[in-house]
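Colleague: Below is the structure I would like to discuss, written out as structure tokens.
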Amino acid sequence: MRLDLLSGLNAEQAARRPAILITDLASGEQRLVRAKDIRNDPLEDELQEYLRLGKSGLLEKEGHQFFLTVQVPPVKVVIVGAVHISQALAPLMRGVDLDAIIIDPRTAFATPERFPDVTVLAEWPDAVLPGMSLDRYTAMVALTHDPKIDDPALSAALRSSCFYIGALGSRKTHERRTHRLMAAGFTDADIARIHAPIGLDIGAVSPAEIAVSILAEIIATLRRDRRRAA
């Protein structure tokens, strides 16, 4: 690989931007396509599909063979609330290669013992989120039911390009949440980005079942949105 291509890949990785390295298997020629340039590429449709899947692979088109090396940022899920649902959700995320971060200022709940092998921050969301990169490969999940904790996290997510924002609570709870967020300056279009009640409607009852519904909704949203990642 040419040094300039390697440097370009490394730069995109450091900036948490997706990119695809295209190798012509017949000639050995390579070119780097950054996400912002996919729409102008002759292989646009194919590149969009590979980016959506997030996997490298062989492409055959018009008698040519190309190997597409797909580089996408690791997806991180910021979970606000060290609750029972979070305890079920974090291990599920490890199983599908999603990086979980737990945020909860309540030190009795936000402990390594309750969340082994997970990054746990016993801090208020508005204290730690400004230092995080909340980009299009970040999901935000608010689970505490406490407006003092959930609302700052949701506000930070709505000001960012998070691909998924979800909040636990009934429709009445979300209606009250909507009033608070609108009073804080958010529009109907902003608030429409929030998945609430959170999770796919699978009739979930237990914390573990709710965790499954949340994870499924995150994955469904991720796969849809990767098509538009450029």
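We name chains A, B, ... following the order of the structure tokens; residues begin at 1 in each chain, and ligands are numbered from 1 as shown.
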Go through stretch 38-155 of chain A residue by residue and, counting only C-alpha atoms, keep those with an atom at most 10 Å from stretch 203-212 of chain A; for each kept residue give the shortest atom pair and its distance in Å to one decimal, ordered by chain and increasing number, as a tab-separated table.
Modeller:
```
residue	atom	partner	partner_atom	distance
A:Val83	CA	A:Pro207	CA	9.1
A:His84	CA	A:Pro207	CA	6.1
A:Ile85	CA	A:Pro207	CA	4.6
A:Ser86	CA	A:Ala211	CA	7.3
A:Gln87	CA	A:Ala208	CA	8.5
A:Ala88	CA	A:Ala208	CA	5.3
A:Leu89	CA	A:Ala211	CA	4.9
A:Ala90	CA	A:Ala211	CA	8.7
A:Pro91	CA	A:Ala211	CA	9.9
A:Leu92	CA	A:Val212	CA	7.7
A:Met93	CA	A:Ala211	CA	9.6
```
Colleague: Out of stretch 42-201 of chain A, which residues get alpha helix (DSSP H) from DSSP, as a ChimeraX atom specification?
Modeller: /A:44-53,84-95,125-128,147-158,171-183,188-191
Colleague: Mind running stretch 123-160 of chain A against stretch 193-202 of chain A at 12 Å and telling me each contacting residue's nearest atom pair with the distance in Å (one decimal), counting only C-alpha atoms, chain and number ascending, as a tab-separated table?
Modeller:
```
residue	atom	partner	partner_atom	distance
A:Ala139	CA	A:Ile194	CA	10.9
A:Met140	CA	A:Ile194	CA	9.4
A:Val141	CA	A:Ile198	CA	8.4
A:Ala142	CA	A:Ile198	CA	9.0
A:Leu143	CA	A:Ile198	CA	9.1
A:His145	CA	A:Pro197	CA	11.7
A:Asp151	CA	A:Ile194	CA	11.7
A:Ala153	CA	A:Ile194	CA	11.8
A:Leu154	CA	A:Ile194	CA	8.3
A:Ser155	CA	A:Ile194	CA	10.5
A:Ala157	CA	A:Ile194	CA	9.4
A:Leu158	CA	A:Arg193	CA	7.7
A:Arg159	CA	A:Arg193	CA	11.0
A:Ser160	CA	A:Arg193	CA	11.2
```
Colleague: Contacts of stretch 23-40 of chain A at 6 Å or less, counting only C-alpha atoms, minus same-chain residues fewer than 4 places along, as number ranges by chain?
Modeller: A: 18-19, 44, 65-67, 230
Colleague: Could those residues be written to a file, using C-alpha atoms, as a JSON list (two decimals), in the first residue's frame?
Modeller:
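Contents of selection_21.json, freshly written:
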```json
[["chain", "number", "residue", "atom", "x", "y", "z"],
["A", 18, "PRO", "CA", -15.58, 5.87, 7.39],
["A", 19, "ALA", "CA", -13.50, 5.20, 4.29],
["A", 44, "GLU", "CA", -21.36, 4.66, -5.57],
["A", 65, "GLN", "CA", -12.75, -7.55, -9.76],
["A", 66, "PHE", "CA", -12.13, -5.20, -6.86],
["A", 67, "PHE", "CA", -11.41, -5.86, -3.23],
["A", 230, "ALA", "CA", -21.56, 9.69, 3.10]]
```
Colleague: Quick one: of A:Ile214, A:Val96, A:Met1, A:Ala110, who's nearest to A:Glu123, counting only C-alpha atoms?
Modeller: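 Among A:Ile214, A:Val96, A:Met1, A:Ala110, it is A:Ala110 that comes nearest to A:Glu123.
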Colleague: Find the spatial neighbours of A:Val80, counting only C-alpha atoms, within a cut-off of 7 Å - ignore same-chain residues fewer than 2 positions away - and output them as a PyMOL selection string.
Modeller: chain A and resi 78+82+102-104+141-144+150
Colleague: Which distance in Å separates atom CA of A:Ala122 and atom CA of A:Thr178, to one decimal?
Modeller: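 The value is 26.3 Å.
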Colleague: Find the spatial neighbours of A:Cys162, counting only C-alpha atoms, within a cut-off of 7 Å - ignore same-chain residues fewer than 3 positions away - and output them as an mmCIF file with N, CA, C and O atoms, in the first residue's frame.
Modeller:
```cif
data_model
loop_
_atom_site.group_PDB
_atom_site.id
_atom_site.type_symbol
_atom_site.label_atom_id
_atom_site.label_comp_id
_atom_site.auth_asym_id
_atom_site.auth_seq_id
_atom_site.Cartn_x
_atom_site.Cartn_y
_atom_site.Cartn_z
ATOM 1 N N LEU A 134 -19.566 12.836 20.186
ATOM 2 C CA LEU A 134 -20.893 12.284 19.907
ATOM 3 C C LEU A 134 -21.150 12.450 18.413
ATOM 4 O O LEU A 134 -21.687 13.454 17.964
ATOM 5 N N ASP A 135 -20.734 11.439 17.635
ATOM 6 C CA ASP A 135 -20.800 11.541 16.182
ATOM 7 C C ASP A 135 -21.822 10.566 15.623
ATOM 8 O O ASP A 135 -22.604 9.970 16.370
ATOM 9 N N ARG A 136 -21.825 10.398 14.310
ATOM 10 C CA ARG A 136 -22.831 9.560 13.657
ATOM 11 C C ARG A 136 -22.595 8.075 13.891
ATOM 12 O O ARG A 136 -23.374 7.245 13.415
ATOM 13 N N TYR A 137 -21.554 7.741 14.614
ATOM 14 C CA TYR A 137 -21.338 6.351 15.027
ATOM 15 C C TYR A 137 -21.506 6.218 16.543
ATOM 16 O O TYR A 137 -20.930 5.345 17.164
ATOM 17 N N THR A 138 -22.304 7.098 17.104
ATOM 18 C CA THR A 138 -22.598 7.076 18.535
ATOM 19 C C THR A 138 -24.104 6.974 18.749
ATOM 20 O O THR A 138 -24.881 7.662 18.081
ATOM 21 N N ALA A 139 -24.485 6.103 19.685
ATOM 22 C CA ALA A 139 -25.884 6.004 20.107
ATOM 23 C C ALA A 139 -25.990 6.496 21.547
ATOM 24 O O ALA A 139 -25.086 6.272 22.357
ATOM 25 N N ALA A 157 -27.114 14.949 23.031
ATOM 26 C CA ALA A 157 -27.277 14.088 21.861
ATOM 27 C C ALA A 157 -28.004 14.810 20.736
ATOM 28 O O ALA A 157 -27.639 14.689 19.558
ATOM 29 N N ILE A 165 -30.932 7.980 19.238
ATOM 30 C CA ILE A 165 -31.207 8.547 20.557
ATOM 31 C C ILE A 165 -32.468 7.868 21.081
ATOM 32 O O ILE A 165 -33.511 7.893 20.412
#
```
Colleague: Can you list, as a count of residues only, every residue of chain A that DSSP puts in strand (DSSP E or B)?
Modeller: 48
Colleague: With only C-alpha atoms as the basis for distance, which of A:Leu9, A:Ala156, A:Ala108, A:Met182 is at the shortest distance from A:Asp126?
Modeller: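 Going through A:Leu9, A:Ala156, A:Ala108, A:Met182 one by one, the smallest distance to A:Asp126 is for A:Ala156.
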Colleague: Hey, which of A:Thr107, A:Gly166, A:Arg94, A:Leu21 ends up closest to A:Val70? Count only C-alpha atoms.
Modeller: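 Counting only C-alpha atoms, the residue closest to A:Val70 is A:Leu21.
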